[in-house]
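Structure file input-v1.txt; described as compact mmCIF, C-alpha atoms.
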```txt
# COMPACT_ATOMS: atom_id res chain seq x y z
CA MET A 313 0.00 0.00 0.00
CA ASN A 314 1.80 3.06 -1.22
CA ILE A 315 0.38 6.37 -2.27
CA ASN A 316 1.68 7.51 -5.64
CA ALA A 317 0.75 9.38 -8.77
CA THR A 318 -2.08 6.93 -9.44
CA LEU A 319 -4.00 9.16 -7.07
CA ILE A 320 -3.80 12.04 -9.55
CA GLY A 321 -4.99 9.84 -12.37
CA GLN A 322 -7.89 8.57 -10.30
CA ALA A 323 -8.86 12.08 -9.31
CA ILE A 324 -9.00 12.95 -13.01
CA TRP A 325 -11.19 9.94 -13.77
CA PHE A 326 -13.44 10.85 -10.85
CA ALA A 327 -13.76 14.46 -12.00
CA LEU A 328 -14.53 13.29 -15.53
CA PHE A 329 -17.31 10.98 -14.35
CA ILE A 330 -18.76 13.64 -12.07
CA TRP A 331 -18.80 15.97 -15.07
CA ILE A 332 -20.49 13.36 -17.29
CA THR A 333 -23.14 12.71 -14.64
CA MET A 334 -23.64 16.39 -14.01
CA LYS A 335 -23.97 17.28 -17.65
CA TYR A 336 -25.42 14.29 -19.46
CA VAL A 337 -27.02 11.94 -16.95
CA TRP A 338 -28.74 13.85 -14.18
CA PRO A 339 -30.43 16.83 -15.91
CA PRO A 340 -32.31 14.88 -18.63
CA LEU A 341 -33.32 12.18 -16.17
CA GLN A 342 -34.43 14.71 -13.60
CA LYS A 343 -36.48 16.49 -16.23
CA ALA A 344 -38.06 13.26 -17.46
CA MET A 345 -38.88 12.17 -13.92
CA ALA A 346 -40.30 15.55 -12.94
CA ASP A 347 -42.36 15.68 -16.16
CA ARG A 348 -43.71 12.21 -15.54
CA GLN A 349 -44.54 13.11 -11.97
CA ALA A 350 -46.41 16.18 -13.20
CA GLN A 351 -48.25 14.07 -15.78
CA ILE A 352 -49.30 11.53 -13.18
CA ALA A 353 -50.41 14.27 -10.81
CA ASP A 354 -52.41 15.90 -13.61
CA GLY A 355 -53.99 12.57 -14.51
CA LEU A 356 -54.98 11.89 -10.94
CA ALA A 357 -56.41 15.39 -10.56
CA ALA A 358 -58.37 14.98 -13.79
CA ALA A 359 -59.73 11.65 -12.61
CA GLU A 360 -60.74 13.22 -9.32
CA ARG A 361 -62.41 16.09 -11.15
CA GLY A 362 -64.22 13.66 -13.47
CA LYS A 363 -65.46 11.66 -10.53
CA HIS A 364 -66.71 14.80 -8.84
CA GLU A 365 -68.43 15.98 -11.99
CA GLN A 366 -70.05 12.60 -12.44
CA GLU A 367 -71.38 12.77 -8.88
CA LEU A 368 -72.77 16.23 -9.54
CA ALA A 369 -74.39 15.06 -12.78
CA ALA A 370 -75.97 12.08 -11.02
CA LYS A 371 -77.35 14.42 -8.38
CA ARG A 372 -78.63 16.81 -11.03
CA SER A 373 -80.32 14.03 -12.98
CA ALA A 374 -81.97 12.68 -9.84
CA ASP A 375 -83.22 16.19 -9.08
CA ALA A 376 -84.59 16.60 -12.61
CA LEU A 377 -86.29 13.23 -12.42
CA ARG A 378 -87.96 14.07 -9.13
CA GLU A 379 -89.07 17.42 -10.44
CA ALA A 380 -90.53 15.86 -13.58
CA LYS A 381 -92.39 13.30 -11.50
CA GLU A 382 -93.83 16.01 -9.29
CA LYS A 383 -94.85 18.06 -12.29
CA SER A 384 -96.48 15.13 -14.04
CA SER A 385 -98.48 14.13 -10.96
CA ASP A 386 -99.57 17.76 -10.64
CA LEU A 387 -100.65 17.78 -14.24
CA ILE A 388 -102.58 14.55 -13.85
CA ALA A 389 -104.42 15.86 -10.79
CA GLN A 390 -105.19 19.07 -12.59
CA ALA A 391 -106.49 17.19 -15.61
CA GLU A 392 -108.65 14.97 -13.47
CA LYS A 393 -110.09 17.98 -11.75
CA ARG A 394 -110.75 19.67 -15.05
CA ALA A 395 -112.43 16.56 -16.44
CA GLN A 396 -114.70 16.38 -13.43
CA GLN A 397 -115.50 20.04 -13.87
CA ILE A 398 -116.36 19.54 -17.53
CA VAL A 399 -118.59 16.59 -16.71
CA GLU A 400 -120.24 18.63 -14.01
CA GLU A 401 -120.75 21.56 -16.37
CA ALA A 402 -122.11 19.29 -19.09
CA LYS A 403 -124.52 17.77 -16.62
CA GLY A 404 -125.76 21.22 -15.62
CA THR A 405 -126.18 22.36 -19.22
CA ALA A 406 -128.00 19.17 -20.14
CA LYS A 407 -130.37 19.57 -17.21
CA VAL A 408 -131.15 23.15 -18.13
CA GLU A 409 -131.67 22.16 -21.74
CA ALA A 410 -133.87 19.25 -20.76
CA ASP A 411 -135.89 21.48 -18.45
CA LYS A 412 -136.30 23.94 -21.27
CA VAL A 413 -137.46 21.24 -23.67
CA VAL A 414 -139.82 19.82 -21.06
CA ALA A 415 -141.23 23.26 -20.34
CA GLY A 416 -141.67 23.96 -24.06
CA ALA A 417 -143.45 20.68 -24.54
CA LYS A 418 -145.66 21.31 -21.56
CA ALA A 419 -146.59 24.76 -22.88
CA GLU A 420 -147.37 23.30 -26.26
CA ILE A 421 -149.47 20.60 -24.70
CA ASP A 422 -151.32 23.20 -22.68
CA GLN A 423 -151.89 25.26 -25.81
CA GLU A 424 -153.10 22.23 -27.68
CA VAL A 425 -155.44 21.37 -24.84
CA GLU A 426 -156.72 24.94 -24.78
CA ARG A 427 -157.22 24.88 -28.52
CA ALA A 428 -158.96 21.56 -28.37
CA LYS A 429 -161.17 22.86 -25.59
CA GLN A 430 -161.96 25.92 -27.67
CA VAL A 431 -162.85 23.77 -30.64
CA LEU A 432 -164.86 21.48 -28.43
CA ARG A 433 -166.70 24.38 -26.87
CA GLU A 434 -167.57 25.71 -30.24
CA ARG A 435 -168.62 22.28 -31.45
CA VAL A 436 -170.70 21.72 -28.30
CA ALA A 437 -172.33 25.10 -28.74
CA GLU A 438 -172.97 24.40 -32.37
CA LEU A 439 -174.32 20.95 -31.55
CA ALA A 440 -176.49 22.39 -28.85
CA VAL A 441 -177.69 25.08 -31.17
CA ALA A 442 -178.21 22.56 -33.92
CA GLY A 443 -180.15 20.28 -31.51
CA ALA A 444 -182.15 23.14 -30.23
CA GLU A 445 -182.73 24.28 -33.78
CA LYS A 446 -184.02 20.86 -34.72
CA ILE A 447 -186.25 20.74 -31.66
CA LEU A 448 -187.44 24.31 -31.78
CA ARG A 449 -187.37 24.73 -35.56
CA LYS A 450 -190.51 26.56 -35.72
CA GLU A 451 -190.59 29.10 -33.07
CA ILE A 452 -187.07 29.70 -32.11
CA ASN A 453 -185.10 32.21 -34.01
CA ALA A 454 -181.38 31.59 -34.06
CA SER A 455 -180.41 35.11 -34.26
CA ALA A 456 -182.77 36.09 -31.48
CA HIS A 457 -181.09 33.69 -29.13
CA ALA A 458 -177.54 34.40 -30.19
CA ASP A 459 -176.86 36.50 -27.13
CA MET A 460 -178.00 33.74 -24.91
CA LEU A 461 -175.81 31.28 -26.76
CA VAL A 462 -172.76 33.41 -26.44
CA ALA A 463 -173.37 33.67 -22.72
CA LEU A 464 -173.71 29.94 -22.57
CA LYS A 465 -170.45 29.52 -24.48
CA GLN A 466 -168.72 31.68 -21.93
CA ASP A 467 -169.96 29.48 -19.11
CA LEU A 468 -168.61 26.32 -20.63
CA MET B 663 -4.29 -20.92 -8.83
CA SER B 664 -2.36 -20.44 -11.98
CA ALA B 665 -0.46 -23.52 -12.96
CA ASP B 666 3.11 -22.35 -13.08
CA GLY B 667 5.12 -25.46 -12.48
CA GLY B 668 5.72 -25.48 -8.73
CA THR B 669 7.47 -22.10 -8.60
CA LEU B 670 4.39 -20.61 -7.01
CA THR B 671 4.13 -20.81 -3.24
CA THR B 672 1.15 -19.81 -1.15
CA THR B 673 2.85 -16.61 -0.11
CA GLY B 674 3.86 -15.95 -3.65
CA TYR B 675 0.30 -16.51 -4.82
CA ILE B 676 -1.11 -14.07 -2.29
CA GLU B 677 1.57 -11.48 -2.96
CA HIS B 678 1.04 -11.84 -6.67
CA HIS B 679 -2.65 -11.19 -6.23
CA LEU B 680 -2.02 -8.11 -4.13
CA THR B 681 0.53 -6.54 -6.50
CA ASN B 682 -0.50 -3.78 -8.83
CA LEU B 683 0.63 -3.56 -12.42
CA ALA B 684 2.85 -0.52 -11.96
CA VAL B 685 4.65 1.72 -14.40
CA CYS B 686 7.36 4.02 -13.09
CA ALA B 687 7.63 7.43 -14.62
CA ASP B 688 10.78 8.14 -12.59
CA SER B 689 13.78 5.92 -11.98
CA ALA B 690 13.13 5.11 -8.31
CA LYS B 691 13.20 1.31 -8.43
CA VAL B 692 14.18 -1.17 -5.76
CA ASP B 693 14.50 -4.80 -6.92
CA GLY B 694 12.41 -4.04 -9.98
CA VAL B 695 9.58 -2.58 -7.86
CA CYS B 696 8.63 1.05 -8.32
CA THR B 697 8.97 3.01 -5.10
CA GLY B 698 8.91 6.63 -6.27
CA PHE B 699 5.90 8.91 -6.24
CA TRP B 700 5.63 9.03 -10.03
CA THR B 701 4.37 5.49 -10.27
CA PHE B 702 1.15 4.67 -12.03
CA HIS B 703 -0.95 1.62 -11.23
CA LEU B 704 -2.11 0.77 -14.71
CA ASP B 705 -4.58 -1.86 -13.53
CA THR B 706 -6.38 0.52 -11.18
CA LEU B 707 -6.46 3.30 -13.72
CA LEU B 708 -7.59 1.08 -16.59
CA VAL B 709 -10.21 -0.98 -14.78
CA SER B 710 -11.78 1.98 -12.97
CA GLY B 711 -11.67 4.13 -16.10
CA ILE B 712 -13.15 1.48 -18.41
CA LEU B 713 -15.87 0.58 -15.90
CA GLY B 714 -16.70 4.24 -15.40
CA LEU B 715 -16.80 4.94 -19.12
CA VAL B 716 -19.07 1.93 -19.69
CA VAL B 717 -21.58 2.62 -16.91
CA PHE B 718 -21.66 6.40 -17.24
CA GLY B 719 -21.76 6.07 -21.02
CA PHE B 720 -24.73 3.73 -20.63
CA MET B 721 -26.42 6.07 -18.19
CA ALA B 722 -25.82 9.08 -20.43
CA LEU B 723 -27.24 7.13 -23.38
CA MET B 724 -30.33 6.18 -21.40
CA ALA B 725 -30.67 9.74 -20.16
CA SER B 726 -30.42 11.14 -23.67
CA ARG B 727 -33.26 8.87 -24.75
CA ALA B 728 -35.27 9.55 -21.61
CA THR B 729 -38.92 10.37 -22.10
CA ALA B 730 -41.54 11.51 -19.64
CA GLY B 731 -43.84 8.81 -21.05
CA VAL B 732 -43.58 5.11 -20.39
CA PRO B 733 -39.85 4.48 -19.78
CA SER B 734 -37.92 1.71 -21.52
CA GLY B 735 -36.40 -1.03 -19.37
CA GLY B 736 -32.94 0.57 -19.38
CA GLN B 737 -34.28 4.02 -18.64
CA ASN B 738 -36.41 2.60 -15.87
CA PHE B 739 -33.39 0.90 -14.30
CA VAL B 740 -31.23 4.01 -14.47
CA GLU B 741 -34.08 6.11 -13.11
CA MET B 742 -34.52 3.70 -10.24
CA VAL B 743 -30.85 3.98 -9.23
CA VAL B 744 -30.76 7.72 -9.75
CA GLY B 745 -34.07 8.16 -7.94
CA LEU B 746 -32.77 6.19 -4.94
CA VAL B 747 -29.70 8.42 -4.68
CA ASP B 748 -31.75 11.55 -5.25
CA GLN B 749 -34.09 10.56 -2.43
CA GLN B 750 -31.13 10.27 -0.05
CA VAL B 751 -29.86 13.66 -1.15
CA ARG B 752 -33.29 15.21 -0.64
CA ASP B 753 -33.56 13.70 2.84
CA THR B 754 -30.11 14.80 3.97
CA PHE B 755 -29.00 17.80 1.97
CA HIS B 756 -31.31 20.77 2.39
CA GLY B 757 -29.39 23.39 0.48
CA LYS B 758 -29.59 24.11 -3.20
CA SER B 759 -26.81 22.75 -5.35
CA ALA B 760 -26.62 21.37 -8.86
CA LEU B 761 -23.53 19.41 -7.87
CA VAL B 762 -24.50 17.29 -4.89
CA THR B 763 -26.91 14.89 -6.58
CA PRO B 764 -24.68 14.19 -9.61
CA LEU B 765 -21.74 13.76 -7.23
CA ALA B 766 -23.67 11.29 -5.11
CA ILE B 767 -24.88 9.39 -8.20
CA THR B 768 -21.33 9.19 -9.54
CA ILE B 769 -19.94 7.91 -6.26
CA PHE B 770 -22.64 5.31 -5.69
CA VAL B 771 -22.64 3.90 -9.22
CA TRP B 772 -18.89 3.99 -9.75
CA VAL B 773 -17.94 2.55 -6.37
CA PHE B 774 -20.61 -0.12 -6.77
CA VAL B 775 -19.39 -1.35 -10.17
CA MET B 776 -15.76 -1.26 -9.04
CA ASN B 777 -16.61 -3.18 -5.90
CA ALA B 778 -18.64 -5.60 -8.00
CA MET B 779 -15.42 -6.69 -9.75
CA ASP B 780 -14.76 -8.50 -6.49
CA LEU B 781 -17.57 -10.93 -7.29
CA ILE B 782 -15.70 -12.31 -10.29
CA PRO B 783 -13.65 -15.26 -9.01
CA VAL B 784 -10.15 -14.03 -8.16
CA ASP B 785 -8.27 -15.99 -10.80
CA PHE B 786 -10.60 -15.67 -13.81
CA LEU B 787 -9.59 -12.32 -15.21
CA PRO B 788 -5.88 -12.34 -14.20
CA THR B 789 -5.42 -15.82 -15.71
CA ALA B 790 -7.25 -14.81 -18.87
CA LEU B 791 -5.09 -11.71 -19.15
CA GLN B 792 -1.90 -13.68 -18.53
CA ALA B 793 -2.92 -16.11 -21.25
CA ALA B 794 -3.72 -13.25 -23.60
CA THR B 795 -0.42 -11.42 -23.04
CA GLY B 796 1.69 -14.56 -22.72
CA ASN B 797 3.31 -13.17 -19.55
CA HIS B 798 2.54 -15.64 -16.77
CA HIS B 799 3.90 -13.37 -14.07
CA LEU B 800 1.88 -10.35 -15.07
CA PRO B 801 0.32 -8.90 -11.91
CA PHE B 802 -3.10 -7.36 -12.36
CA LYS B 803 -5.58 -6.33 -9.65
CA PHE B 804 -9.08 -6.26 -10.99
CA VAL B 805 -10.73 -4.58 -8.00
CA PRO B 806 -9.77 -0.89 -8.18
CA THR B 807 -11.26 -0.12 -4.78
CA THR B 808 -8.61 -2.32 -3.14
CA ASP B 809 -6.09 0.33 -4.20
CA PRO B 810 -5.84 3.12 -1.59
CA ASN B 811 -4.81 5.51 -4.36
CA LEU B 812 -8.30 5.32 -5.76
CA THR B 813 -10.13 5.67 -2.45
CA PHE B 814 -7.91 8.56 -1.40
CA ALA B 815 -8.35 10.22 -4.77
CA MET B 816 -12.11 10.06 -4.30
CA SER B 817 -12.18 11.16 -0.67
CA LEU B 818 -9.74 14.04 -1.31
CA THR B 819 -11.86 15.18 -4.25
CA VAL B 820 -14.93 15.07 -2.02
CA PHE B 821 -12.97 17.00 0.62
CA ALA B 822 -11.96 19.65 -1.91
CA ILE B 823 -15.53 19.97 -3.16
CA SER B 824 -16.84 20.34 0.39
CA ILE B 825 -14.35 23.13 1.14
CA PHE B 826 -15.25 24.79 -2.14
CA MET B 827 -18.96 24.45 -1.37
CA GLY B 828 -18.48 25.89 2.12
CA LEU B 829 -16.71 28.90 0.68
CA LYS B 830 -19.28 29.34 -2.06
CA VAL B 831 -22.38 29.01 0.10
CA LYS B 832 -21.18 30.92 3.16
CA GLY B 833 -18.77 33.35 1.61
CA PHE B 834 -15.12 33.73 2.63
CA GLY B 835 -15.80 35.84 5.74
CA HIS B 836 -18.42 33.59 7.21
CA PHE B 837 -16.37 30.50 6.39
CA MET B 838 -13.29 31.91 8.13
CA HIS B 839 -15.38 32.99 11.07
CA GLU B 840 -16.66 29.46 11.41
CA VAL B 841 -13.13 28.06 11.23
CA PHE B 842 -11.85 30.30 14.02
CA ALA B 843 -14.90 30.87 16.22
CA VAL B 844 -16.72 27.52 16.31
CA PRO B 845 -17.28 25.85 18.74
CA PHE B 846 -15.60 27.86 21.56
CA GLY B 847 -15.90 31.44 20.38
CA LEU B 848 -13.31 33.86 19.02
CA LYS B 849 -11.25 33.98 22.24
CA MET B 850 -10.21 30.36 21.73
CA ALA B 851 -9.41 30.80 18.02
CA PRO B 852 -6.27 28.57 17.93
CA VAL B 853 -8.11 25.70 19.63
CA ASN B 854 -11.02 26.11 17.28
CA LEU B 855 -8.69 26.08 14.31
CA LEU B 856 -6.98 22.93 15.60
CA PHE B 857 -10.32 21.21 16.12
CA ARG B 858 -11.39 22.19 12.65
CA ILE B 859 -8.21 20.91 11.05
CA VAL B 860 -8.44 17.58 12.87
CA GLU B 861 -12.08 17.27 11.84
CA GLU B 862 -11.41 18.10 8.22
CA ILE B 863 -8.45 15.74 7.97
CA ALA B 864 -10.23 12.90 9.71
CA ARG B 865 -13.08 12.93 7.23
CA PRO B 866 -11.27 12.06 3.99
CA ILE B 867 -9.01 9.61 5.78
CA SER B 868 -11.87 7.70 7.39
CA LEU B 869 -13.92 7.87 4.19
CA SER B 870 -11.18 6.38 2.02
CA LEU B 871 -9.79 3.90 4.52
CA ARG B 872 -13.26 2.51 5.26
CA LEU B 873 -13.84 1.62 1.63
CA PHE B 874 -10.28 0.45 1.06
CA GLY B 875 -10.21 -1.65 4.22
CA ASN B 876 -13.50 -3.38 3.54
CA MET B 877 -12.68 -4.20 -0.04
CA TYR B 878 -9.09 -5.20 0.66
CA ALA B 879 -10.20 -7.52 3.45
CA GLY B 880 -12.96 -8.99 1.31
CA GLU B 881 -10.53 -9.59 -1.54
CA MET B 882 -8.08 -11.16 0.91
CA VAL B 883 -10.72 -13.61 2.08
CA PHE B 884 -11.49 -14.51 -1.54
CA ILE B 885 -7.79 -15.16 -2.16
CA LEU B 886 -7.50 -17.32 0.94
CA ILE B 887 -10.61 -19.27 -0.04
CA ALA B 888 -9.17 -19.74 -3.51
CA LEU B 889 -6.11 -21.40 -1.94
CA LEU B 890 -8.23 -24.25 -0.58
CA GLY B 891 -8.39 -26.12 -3.86
CA ILE B 892 -11.60 -28.10 -4.26
CA TYR B 893 -12.86 -27.02 -0.81
CA GLN B 894 -13.23 -23.45 -2.02
CA LEU B 895 -16.47 -24.39 -3.78
CA PRO B 896 -18.73 -24.58 -0.69
CA LEU B 897 -16.95 -21.58 0.88
CA ALA B 898 -16.72 -19.19 -2.04
CA LEU B 899 -20.48 -19.10 -2.59
CA PRO B 900 -21.53 -17.93 0.90
CA TRP B 901 -18.74 -15.36 0.98
CA GLU B 902 -19.76 -14.20 -2.49
CA LEU B 903 -23.39 -13.83 -1.39
CA PHE B 904 -22.34 -11.99 1.74
CA HIS B 905 -20.04 -9.82 -0.32
CA ILE B 906 -22.94 -8.66 -2.50
CA LEU B 907 -24.24 -7.02 0.66
CA ILE B 908 -20.84 -5.52 1.51
CA ILE B 909 -20.13 -4.00 -1.89
CA THR B 910 -23.57 -2.38 -2.02
CA LEU B 911 -23.29 -1.19 1.56
CA GLN B 912 -19.84 0.29 1.09
CA ALA B 913 -20.94 2.14 -2.04
CA PHE B 914 -23.97 3.42 -0.18
CA VAL B 915 -21.96 4.46 2.89
CA PHE B 916 -19.42 6.35 0.80
CA MET B 917 -22.24 8.15 -1.01
CA MET B 918 -24.20 8.85 2.17
CA LEU B 919 -21.20 10.28 4.03
CA THR B 920 -20.37 12.45 1.05
CA ILE B 921 -23.89 13.87 1.13
CA VAL B 922 -23.57 14.45 4.88
CA TYR B 923 -20.24 16.25 4.47
CA MET B 924 -21.72 18.38 1.71
CA SER B 925 -24.70 19.32 3.81
CA MET B 926 -22.41 20.13 6.77
CA ALA B 927 -20.33 22.31 4.48
CA ALA B 928 -23.39 24.11 3.16
CA GLU B 929 -25.18 24.62 6.49
CA SER B 930 -24.22 27.00 9.23
CA HIS B 931 -23.24 25.51 12.56
```

Could you quickly redo this structure as structure tokens?
Amino acid sequence: MNINATLIGQAIWFALFIWITMKYVWPPLQKAMADRQAQIADGLAAAERGKHEQELAAKRSADALREAKEKSSDLIAQAEKRAQQIVEEAKGTAKVEADKVVAGAKAEIDQEVERAKQVLRERVAELAVAGAEKILRKEINASAHADMLVALKQDL
Amino acid sequence: MSADGGTLTTTGYIEHHLTNLAVCADSAKVDGVCTGFWTFHLDTLLVSGILGLVVFGFMALMASRATAGVPSGGQNFVEMVVGLVDQQVRDTFHGKSALVTPLAITIFVWVFVMNAMDLIPVDFLPTALQAATGNHHLPFKFVPTTDPNLTFAMSLTVFAISIFMGLKVKGFGHFMHEVFAVPFGLKMAPVNLLFRIVEEIARPISLSLRLFGNMYAGEMVFILIALLGIYQLPLALPWELFHILIITLQAFVFMMLTIVYMSMAAESH
């Protein structure tokens, strides 16, 4: 074991290898590793963001669904109510119309009855006059008794 | 054991395995062994340099193709190693520096691959090299971290960087104040300075000797096991498995302590 000039040579080798590592090995590797680290971090952050967004979207869609359900049940109730109303209204109108028709018919019937009565009265008076004429042909003057007949007609 | 016709003794075998392939740039030679300072251990320099060029070349290639998208297998592996080191730096070093993480990555990866040479059975590569060169006495140590020159080179470089970082982060005035006034105040400046010097010297020495000692001892055990002939088979495997732990741990400890020293240099006491 003796120290000699080999030491100088080794120091030169050592310095050369330090220089190579410092210039050609470490900087590109450090950059590549740092870049990859950044990429991985970005990827993880993006995944996290995506997950969060998906959760939000799921919540939003559930909200929308619930809202739509509420709205549709509202609409159905409203429609049912309206239908009932229409039926009710139609019933009322029909009743009024029917009443009107019934009343009209009744009035017509009454009129007809009145007219028939009138005709009958006249016929009865005529028949009575005709009978009386036949019976009292000789002495009874139709025109002389007309007043009496009119009064009689009024009584009937 | 290399078959060399009985000339090789046990001591010779061990010594041969612990001898570096040295080249003397000056003429200080004793019995054909270089003793001067201007001696270069070719094996340490070549093995550590080639390993470093291969792994850091591979890492630079992977880094140049790096994408932020799905990583390829190679990129993923490099990122895993680099990410592990970076995590340690983040946990320990709280300042801002473009140097600390690359420094820690370099130390961990380089020390680990150099230590990992220990897992190749002790005679494989030297024997192959001897066969290739035709020189059957060629010494060649294939584990660079068993050479204190390498561990000291690394720890002294770390030491220099930590001083430089202290000066840069704190500024010269603050740094000098810390040297002379911590921990006993300005009145005890010489004592403070002494403490500081001891502290600063102890760090690189302990850092380099820890790695060197562990690897040298591990290599020594491998050599001793290899001397057992056929009985090395049941022994080499457990030691090899255990050594996987040691080489990783030593690389990690060297890196971790470097980060700690850097953070101590960059933070105020």

_Residue hits in chain A, query chain B, radius 10 Å, all atoms listed in the file, as an NGL selection string_ = :A and (313-352)

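Comparing the minimum interatomic distances between B:Phe916 and each of B:Ala879, B:Ala794, B:Val773, B:Ile823, counting all atoms listed in the file, we find that B:Val773 sits nearest.
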
_Please report the interatomic distance between atom CA of B:Leu746 and atom CA of B:Phe774 in Å with one decimal._
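Distance between the two atoms: 13.8 Å.
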
*asked:* Could you tell me how far atom CA of B:Phe884 sits from atom CA of B:Ala898, in Å to one decimal place?
replied: 7.0 Å

Would you fill out stretch 387-408 of chain A with N, CA and C atoms and return it as a PDB file, keeping the file's coordinate frame?
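New file rebuild_0.pdb:
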```
ATOM      1  N   LEU A 387     -99.878  17.647 -13.006  1.00  0.00           N
ATOM      2  CA  LEU A 387    -100.650  17.780 -14.240  1.00  0.00           C
ATOM      3  C   LEU A 387    -101.805  16.796 -14.265  1.00  0.00           C
ATOM      4  N   ILE A 388    -101.534  15.575 -13.831  1.00  0.00           N
ATOM      5  CA  ILE A 388    -102.580  14.550 -13.850  1.00  0.00           C
ATOM      6  C   ILE A 388    -103.733  14.967 -12.927  1.00  0.00           C
ATOM      7  N   ALA A 389    -103.379  15.443 -11.740  1.00  0.00           N
ATOM      8  CA  ALA A 389    -104.420  15.860 -10.790  1.00  0.00           C
ATOM      9  C   ALA A 389    -105.258  16.984 -11.371  1.00  0.00           C
ATOM     10  N   GLN A 390    -104.491  17.932 -11.993  1.00  0.00           N
ATOM     11  CA  GLN A 390    -105.190  19.070 -12.590  1.00  0.00           C
ATOM     12  C   GLN A 390    -106.179  18.595 -13.671  1.00  0.00           C
ATOM     13  N   ALA A 391    -105.661  17.686 -14.502  1.00  0.00           N
ATOM     14  CA  ALA A 391    -106.490  17.190 -15.610  1.00  0.00           C
ATOM     15  C   ALA A 391    -107.717  16.473 -15.085  1.00  0.00           C
ATOM     16  N   GLU A 392    -107.509  15.691 -14.034  1.00  0.00           N
ATOM     17  CA  GLU A 392    -108.650  14.970 -13.470  1.00  0.00           C
ATOM     18  C   GLU A 392    -109.712  15.938 -12.970  1.00  0.00           C
ATOM     19  N   LYS A 393    -109.179  16.985 -12.294  1.00  0.00           N
ATOM     20  CA  LYS A 393    -110.090  17.980 -11.750  1.00  0.00           C
ATOM     21  C   LYS A 393    -110.902  18.645 -12.867  1.00  0.00           C
ATOM     22  N   ARG A 394    -110.122  18.977 -13.926  1.00  0.00           N
ATOM     23  CA  ARG A 394    -110.750  19.670 -15.050  1.00  0.00           C
ATOM     24  C   ARG A 394    -111.816  18.765 -15.684  1.00  0.00           C
ATOM     25  N   ALA A 395    -111.479  17.494 -15.824  1.00  0.00           N
ATOM     26  CA  ALA A 395    -112.430  16.560 -16.440  1.00  0.00           C
ATOM     27  C   ALA A 395    -113.715  16.497 -15.622  1.00  0.00           C
ATOM     28  N   GLN A 396    -113.529  16.434 -14.308  1.00  0.00           N
ATOM     29  CA  GLN A 396    -114.700  16.380 -13.430  1.00  0.00           C
ATOM     30  C   GLN A 396    -115.558  17.634 -13.616  1.00  0.00           C
ATOM     31  N   GLN A 397    -114.811  18.752 -13.696  1.00  0.00           N
ATOM     32  CA  GLN A 397    -115.500  20.040 -13.870  1.00  0.00           C
ATOM     33  C   GLN A 397    -116.334  20.037 -15.139  1.00  0.00           C
ATOM     34  N   ILE A 398    -115.671  19.548 -16.242  1.00  0.00           N
ATOM     35  CA  ILE A 398    -116.360  19.540 -17.530  1.00  0.00           C
ATOM     36  C   ILE A 398    -117.614  18.666 -17.458  1.00  0.00           C
ATOM     37  N   VAL A 399    -117.448  17.499 -16.833  1.00  0.00           N
ATOM     38  CA  VAL A 399    -118.590  16.590 -16.710  1.00  0.00           C
ATOM     39  C   VAL A 399    -119.721  17.273 -15.955  1.00  0.00           C
ATOM     40  N   GLU A 400    -119.265  17.932 -14.851  1.00  0.00           N
ATOM     41  CA  GLU A 400    -120.240  18.630 -14.010  1.00  0.00           C
ATOM     42  C   GLU A 400    -120.992  19.699 -14.816  1.00  0.00           C
ATOM     43  N   GLU A 401    -120.176  20.476 -15.564  1.00  0.00           N
ATOM     44  CA  GLU A 401    -120.750  21.560 -16.370  1.00  0.00           C
ATOM     45  C   GLU A 401    -121.738  20.998 -17.390  1.00  0.00           C
ATOM     46  N   ALA A 402    -121.279  19.900 -18.065  1.00  0.00           N
ATOM     47  CA  ALA A 402    -122.110  19.290 -19.090  1.00  0.00           C
ATOM     48  C   ALA A 402    -123.432  18.810 -18.498  1.00  0.00           C
ATOM     49  N   LYS A 403    -123.312  18.231 -17.289  1.00  0.00           N
ATOM     50  CA  LYS A 403    -124.520  17.770 -16.620  1.00  0.00           C
ATOM     51  C   LYS A 403    -125.492  18.915 -16.393  1.00  0.00           C
ATOM     52  N   GLY A 404    -124.925  20.032 -15.892  1.00  0.00           N
ATOM     53  CA  GLY A 404    -125.760  21.220 -15.620  1.00  0.00           C
ATOM     54  C   GLY A 404    -126.455  21.715 -16.891  1.00  0.00           C
ATOM     55  N   THR A 405    -125.631  21.870 -17.953  1.00  0.00           N
ATOM     56  CA  THR A 405    -126.180  22.360 -19.220  1.00  0.00           C
ATOM     57  C   THR A 405    -127.298  21.445 -19.711  1.00  0.00           C
ATOM     58  N   ALA A 406    -127.010  20.139 -19.655  1.00  0.00           N
ATOM     59  CA  ALA A 406    -128.000  19.170 -20.140  1.00  0.00           C
ATOM     60  C   ALA A 406    -129.297  19.283 -19.361  1.00  0.00           C
ATOM     61  N   LYS A 407    -129.169  19.470 -18.043  1.00  0.00           N
ATOM     62  CA  LYS A 407    -130.370  19.570 -17.210  1.00  0.00           C
ATOM     63  C   LYS A 407    -131.189  20.789 -17.599  1.00  0.00           C
ATOM     64  N   VAL A 408    -130.457  21.918 -17.759  1.00  0.00           N
ATOM     65  CA  VAL A 408    -131.150  23.150 -18.130  1.00  0.00           C
ATOM     66  C   VAL A 408    -131.869  22.973 -19.450  1.00  0.00           C
TER      67      VAL A 408
END
```
